[in-house]
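What follows is the content of model-v5.pdb (PDB, C-alpha atoms).
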```
ATOM      1  CA  MET A 262      -0.413   1.749  -9.946
ATOM      2  CA  ARG A 263       1.886  -0.654  -8.185
ATOM      3  CA  ALA A 264       1.807  -2.020  -4.670
ATOM      4  CA  ILE A 265       4.235  -4.205  -2.789
ATOM      5  CA  VAL A 266       2.466  -5.863   0.125
ATOM      6  CA  GLN A 267       4.298  -7.427   3.054
ATOM      7  CA  ARG A 268       2.586  -9.246   5.898
ATOM      8  CA  VAL A 269       4.029  -7.986   9.187
ATOM      9  CA  SER A 270       3.694  -8.598  12.909
ATOM     10  CA  SER A 271       4.462  -4.868  13.303
ATOM     11  CA  ALA A 272       5.874  -2.078  11.163
ATOM     12  CA  SER A 273       6.820   1.574  11.467
ATOM     13  CA  VAL A 274       8.126   4.509   9.485
ATOM     14  CA  THR A 275      10.913   6.547  11.081
ATOM     15  CA  VAL A 276      12.012   9.985   9.873
ATOM     16  CA  ASN A 277      14.971  11.753  11.493
ATOM     17  CA  SER A 278      14.963   9.234  14.377
ATOM     18  CA  GLU A 279      11.270   9.888  15.063
ATOM     19  CA  VAL A 280       8.543   7.277  14.494
ATOM     20  CA  VAL A 281       5.931   9.022  12.355
ATOM     21  CA  SER A 282       3.590   6.054  11.890
ATOM     22  CA  SER A 283       3.323   2.482  13.126
ATOM     23  CA  ILE A 284       1.034  -0.529  13.122
ATOM     24  CA  ALA A 285       0.672  -3.855  14.867
ATOM     25  CA  GLU A 286      -0.151  -7.006  12.825
ATOM     26  CA  GLY A 287      -1.218  -6.340   9.269
ATOM     27  CA  PHE A 288       0.249  -5.203   5.967
ATOM     28  CA  MET A 289       3.065  -2.825   5.140
ATOM     29  CA  VAL A 290       2.220  -1.535   1.648
ATOM     30  CA  LEU A 291       4.551   0.410  -0.639
ATOM     31  CA  VAL A 292       2.330   2.305  -3.098
ATOM     32  CA  GLY A 293       3.612   3.622  -6.416
ATOM     33  CA  LEU A 294       1.517   5.882  -8.615
ATOM     34  CA  GLY A 295       2.171   6.044 -12.347
ATOM     35  CA  THR A 296       1.517   8.832 -14.827
ATOM     36  CA  ASP A 297      -1.407   6.984 -16.417
ATOM     37  CA  ASP A 298      -3.099   5.712 -13.239
ATOM     38  CA  THR A 299      -6.832   6.283 -12.833
ATOM     39  CA  HIS A 300      -9.341   6.077  -9.998
ATOM     40  CA  GLU A 301     -10.375   2.698 -11.429
ATOM     41  CA  ASP A 302      -6.789   1.463 -10.962
ATOM     42  CA  MET A 303      -6.840   2.770  -7.404
ATOM     43  CA  GLU A 304     -10.117   0.949  -6.672
ATOM     44  CA  LEU A 305      -8.777  -2.313  -8.114
ATOM     45  CA  ILE A 306      -5.564  -2.188  -6.055
ATOM     46  CA  ALA A 307      -7.463  -1.269  -2.869
ATOM     47  CA  GLN A 308      -9.818  -4.234  -3.341
ATOM     48  CA  LYS A 309      -6.933  -6.605  -4.097
ATOM     49  CA  ILE A 310      -5.001  -5.553  -0.993
ATOM     50  CA  LEU A 311      -7.977  -5.861   1.335
ATOM     51  CA  ASN A 312      -9.021  -9.225  -0.152
ATOM     52  CA  LEU A 313      -5.534 -10.747  -0.240
ATOM     53  CA  LYS A 314      -5.562 -14.014   1.721
ATOM     54  CA  ALA A 315      -2.123 -13.806   3.288
ATOM     55  CA  PHE A 316      -2.880 -14.904   6.847
ATOM     56  CA  PRO A 317      -3.575 -18.292   8.413
ATOM     57  CA  ASP A 318      -7.115 -19.302   9.332
ATOM     58  CA  PRO A 319      -7.574 -18.369  13.014
ATOM     59  CA  ASN A 320      -9.489 -21.608  13.719
ATOM     60  CA  THR A 321      -7.557 -24.248  11.771
ATOM     61  CA  GLY A 322      -4.189 -22.590  11.245
ATOM     62  CA  ALA A 323      -4.378 -23.428   7.533
ATOM     63  CA  GLN A 324      -2.184 -21.028   5.567
ATOM     64  CA  TRP A 325      -3.438 -18.418   3.085
ATOM     65  CA  LYS A 326      -7.055 -18.474   4.268
ATOM     66  CA  ALA A 327      -7.667 -15.098   5.971
ATOM     67  CA  THR A 328      -7.482 -11.473   4.845
ATOM     68  CA  VAL A 329      -6.185  -8.514   6.817
ATOM     69  CA  VAL A 330      -9.846  -7.565   7.293
ATOM     70  CA  ASP A 331     -10.674 -11.036   8.677
ATOM     71  CA  ARG A 332      -7.834 -10.641  11.171
ATOM     72  CA  GLY A 333      -8.749  -7.068  12.138
ATOM     73  CA  GLY A 334      -5.238  -6.050  11.094
ATOM     74  CA  GLU A 335      -3.844  -2.652  10.263
ATOM     75  CA  LEU A 336      -2.316  -1.291   7.071
ATOM     76  CA  LEU A 337       0.696   1.004   6.915
ATOM     77  CA  CYS A 338       0.873   2.550   3.446
ATOM     78  CA  VAL A 339       3.947   4.392   2.217
ATOM     79  CA  SER A 340       4.017   6.389  -1.007
ATOM     80  CA  GLN A 341       6.952   5.128  -3.078
ATOM     81  CA  PHE A 342       7.533   6.741  -6.483
ATOM     82  CA  THR A 343      10.646   4.607  -6.934
ATOM     83  CA  LEU A 344       8.418   1.628  -7.797
ATOM     84  CA  PHE A 345       8.199   3.186 -11.268
ATOM     85  CA  ALA A 346      11.950   3.545 -11.737
ATOM     86  CA  LYS A 347      13.498   2.351 -14.954
ATOM     87  CA  ILE A 348      17.257   1.958 -15.139
ATOM     88  CA  ILE A 349      18.746   3.540 -18.255
ATOM     89  CA  LYS A 350      22.529   3.400 -18.651
ATOM     90  CA  ASN A 351      22.987   2.807 -14.915
ATOM     91  CA  LYS A 352      20.841   5.811 -13.967
ATOM     92  CA  PRO A 353      17.304   5.737 -12.565
ATOM     93  CA  ASP A 354      14.573   7.292 -14.689
ATOM     94  CA  PHE A 355      11.338   8.225 -12.925
ATOM     95  CA  HIS A 356       9.362   9.603 -15.894
ATOM     96  CA  LYS A 357       6.683   6.905 -15.460
ATOM     97  CA  ALA A 358       6.033   7.993 -11.860
ATOM     98  CA  MET A 359       3.175  10.417 -11.282
ATOM     99  CA  PRO A 360       4.396  13.995 -10.577
ATOM    100  CA  ALA A 361       4.472  15.004  -6.903
ATOM    101  CA  GLU A 362       1.474  17.363  -6.830
ATOM    102  CA  SER A 363      -0.995  15.048  -8.553
ATOM    103  CA  SER A 364       0.342  11.984  -6.727
ATOM    104  CA  LYS A 365      -0.253  13.611  -3.320
ATOM    105  CA  SER A 366      -3.912  14.074  -4.159
ATOM    106  CA  MET A 367      -4.355  10.564  -5.565
ATOM    107  CA  TYR A 368      -2.448   8.966  -2.680
ATOM    108  CA  THR A 369      -4.665  10.780  -0.163
ATOM    109  CA  THR A 370      -7.728   9.607  -2.090
ATOM    110  CA  PHE A 371      -6.330   6.051  -2.050
ATOM    111  CA  LEU A 372      -5.932   6.140   1.751
ATOM    112  CA  GLU A 373      -9.458   7.513   2.146
ATOM    113  CA  ARG A 374     -10.851   4.798  -0.136
ATOM    114  CA  MET A 375      -9.068   2.079   1.825
ATOM    115  CA  GLY A 376     -10.615   3.526   4.993
ATOM    116  CA  THR A 377     -14.071   3.553   3.423
ATOM    117  CA  LEU A 378     -13.734  -0.068   2.310
ATOM    118  CA  TYR A 379     -12.394  -1.218   5.699
ATOM    119  CA  ASP A 380     -11.866   0.908   8.816
ATOM    120  CA  PRO A 381     -10.304   4.383   8.617
ATOM    121  CA  LEU A 382      -8.693   3.914  12.041
ATOM    122  CA  LYS A 383      -6.753   0.900  10.748
ATOM    123  CA  ILE A 384      -5.304   2.657   7.689
ATOM    124  CA  LYS A 385      -2.090   4.553   8.358
ATOM    125  CA  GLY A 386      -0.229   6.599   5.787
ATOM    126  CA  ASN A 387       2.592   9.083   5.643
TER
END
```

Write the structure described by the file as structure tokens, please.
Amino acid sequence: MRAIVQRVSSASVTVNSEVVSSIAEGFMVLVGLGTDDTHEDMELIAQKILNLKAFPDPNTGAQWKATVVDRGGELLCVSQFTLFAKIIKNKPDFHKAMPAESSKSMYTTFLERMGTLYDPLKIKGN
């Protein structure tokens, strides 16, 4: 499992000129699921994301002291199989990415787990 986390003041996902999901301050997270990922991997990544100290301390302003949870921020997660791309002879190979049907189930479980660990109203997914 791979995740790219970006701290944002706001973020949104737009499909066909329509905003399908958006957040205020928090994390935009691209989530890639691999063929050999387990629920243990999912738990580890969820914990790491929620415990990542990427925000300044609200009292002192010192950098890298507060988590998204500390700040009451939101998380916008986007499933991104391309995180497992391997370039072979100038062509992308996605064999290491989890197949669509099983990844849908695991991604949904990941979003639910993030909500259980934090606040389900602050976890947005596509």

| request: Using the chain letters and numbers from the file, give me the residues hit by the PyMOL selection byres ((chain A and resi 273) around 12), as a ChimeraX atom specification. | output: /A:269-272,274-276,278-290,335-339,385-387

Could the residues in this selection be written to a file with C-alpha atoms, as an mmCIF file, keeping the file's coordinate frame?
```cif
data_model
loop_
_atom_site.group_PDB
_atom_site.id
_atom_site.type_symbol
_atom_site.label_atom_id
_atom_site.label_comp_id
_atom_site.auth_asym_id
_atom_site.auth_seq_id
_atom_site.Cartn_x
_atom_site.Cartn_y
_atom_site.Cartn_z
ATOM 1 C CA VAL A 269 4.029 -7.986 9.187
ATOM 2 C CA SER A 270 3.694 -8.598 12.909
ATOM 3 C CA SER A 271 4.462 -4.868 13.303
ATOM 4 C CA ALA A 272 5.874 -2.078 11.163
ATOM 5 C CA VAL A 274 8.126 4.509 9.485
ATOM 6 C CA THR A 275 10.913 6.547 11.081
ATOM 7 C CA VAL A 276 12.012 9.985 9.873
ATOM 8 C CA SER A 278 14.963 9.234 14.377
ATOM 9 C CA GLU A 279 11.270 9.888 15.063
ATOM 10 C CA VAL A 280 8.543 7.277 14.494
ATOM 11 C CA VAL A 281 5.931 9.022 12.355
ATOM 12 C CA SER A 282 3.590 6.054 11.890
ATOM 13 C CA SER A 283 3.323 2.482 13.126
ATOM 14 C CA ILE A 284 1.034 -0.529 13.122
ATOM 15 C CA ALA A 285 0.672 -3.855 14.867
ATOM 16 C CA GLU A 286 -0.151 -7.006 12.825
ATOM 17 C CA GLY A 287 -1.218 -6.340 9.269
ATOM 18 C CA PHE A 288 0.249 -5.203 5.967
ATOM 19 C CA MET A 289 3.065 -2.825 5.140
ATOM 20 C CA VAL A 290 2.220 -1.535 1.648
ATOM 21 C CA GLU A 335 -3.844 -2.652 10.263
ATOM 22 C CA LEU A 336 -2.316 -1.291 7.071
ATOM 23 C CA LEU A 337 0.696 1.004 6.915
ATOM 24 C CA CYS A 338 0.873 2.550 3.446
ATOM 25 C CA VAL A 339 3.947 4.392 2.217
ATOM 26 C CA LYS A 385 -2.090 4.553 8.358
ATOM 27 C CA GLY A 386 -0.229 6.599 5.787
ATOM 28 C CA ASN A 387 2.592 9.083 5.643
#
```

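The two atoms in question, CA of Pro319 (chain A) and CA of Gly333 (chain A), are spaced 11.4 Å apart.
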
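Considering the residues A:Pro353, A:Ile384, A:Ala346, A:Ala315 and counting all atoms listed in the file, Phe371 (chain A) has its shortest atom-to-atom contact with A:Ile384.
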
| message | Need the shell around region 298-308 of chain A: protein/DNA/RNA residues with any atom at most 9 Å away, counting only C-alpha atoms. Skip same-chain ones fewer than 6 positions apart. Format as a list of chain:residue names? | response | A:Met262, A:Arg263, A:Ala264, A:Met359, A:Met367, A:Tyr368, A:Thr370, A:Phe371, A:Leu372, A:Arg374, A:Met375, A:Leu378

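For the pair CA of Lys309 (chain A) and CA of Gly376 (chain A), the interatomic distance is 14.1 Å.
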
Would you place a box with edges along x, y and z of the file around all atoms of region 305-315 of chain A listed there, add 3 Å to each of its six sides, and report the centre and edge lengths in Å to one decimal, as AutoDock Vina command-line options?
```
--center_x -6.0 --center_y -7.6 --center_z -2.4 --size_x 13.7 --size_y 18.7 --size_z 17.4
```

| request: Would you mind listing what lies within 8 Å of Phe316 (chain A) as a ChimeraX atom specification, with only C-alpha atoms counted and same-chain residues fewer than 6 positions away left out? | output: /A:268,324-329,332

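When CA of Gly295 (chain A) is paired with CA of Ser366 (chain A), their separation reads 13.0 Å.
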
| query | Just so the selection is clear, what residues does the PyMOL selection byres ((chain A and resi 344) around 8) cover here, as a VMD selection string? | reply | chain A and resid 263 292 to 293 341 to 343 345 to 346 358
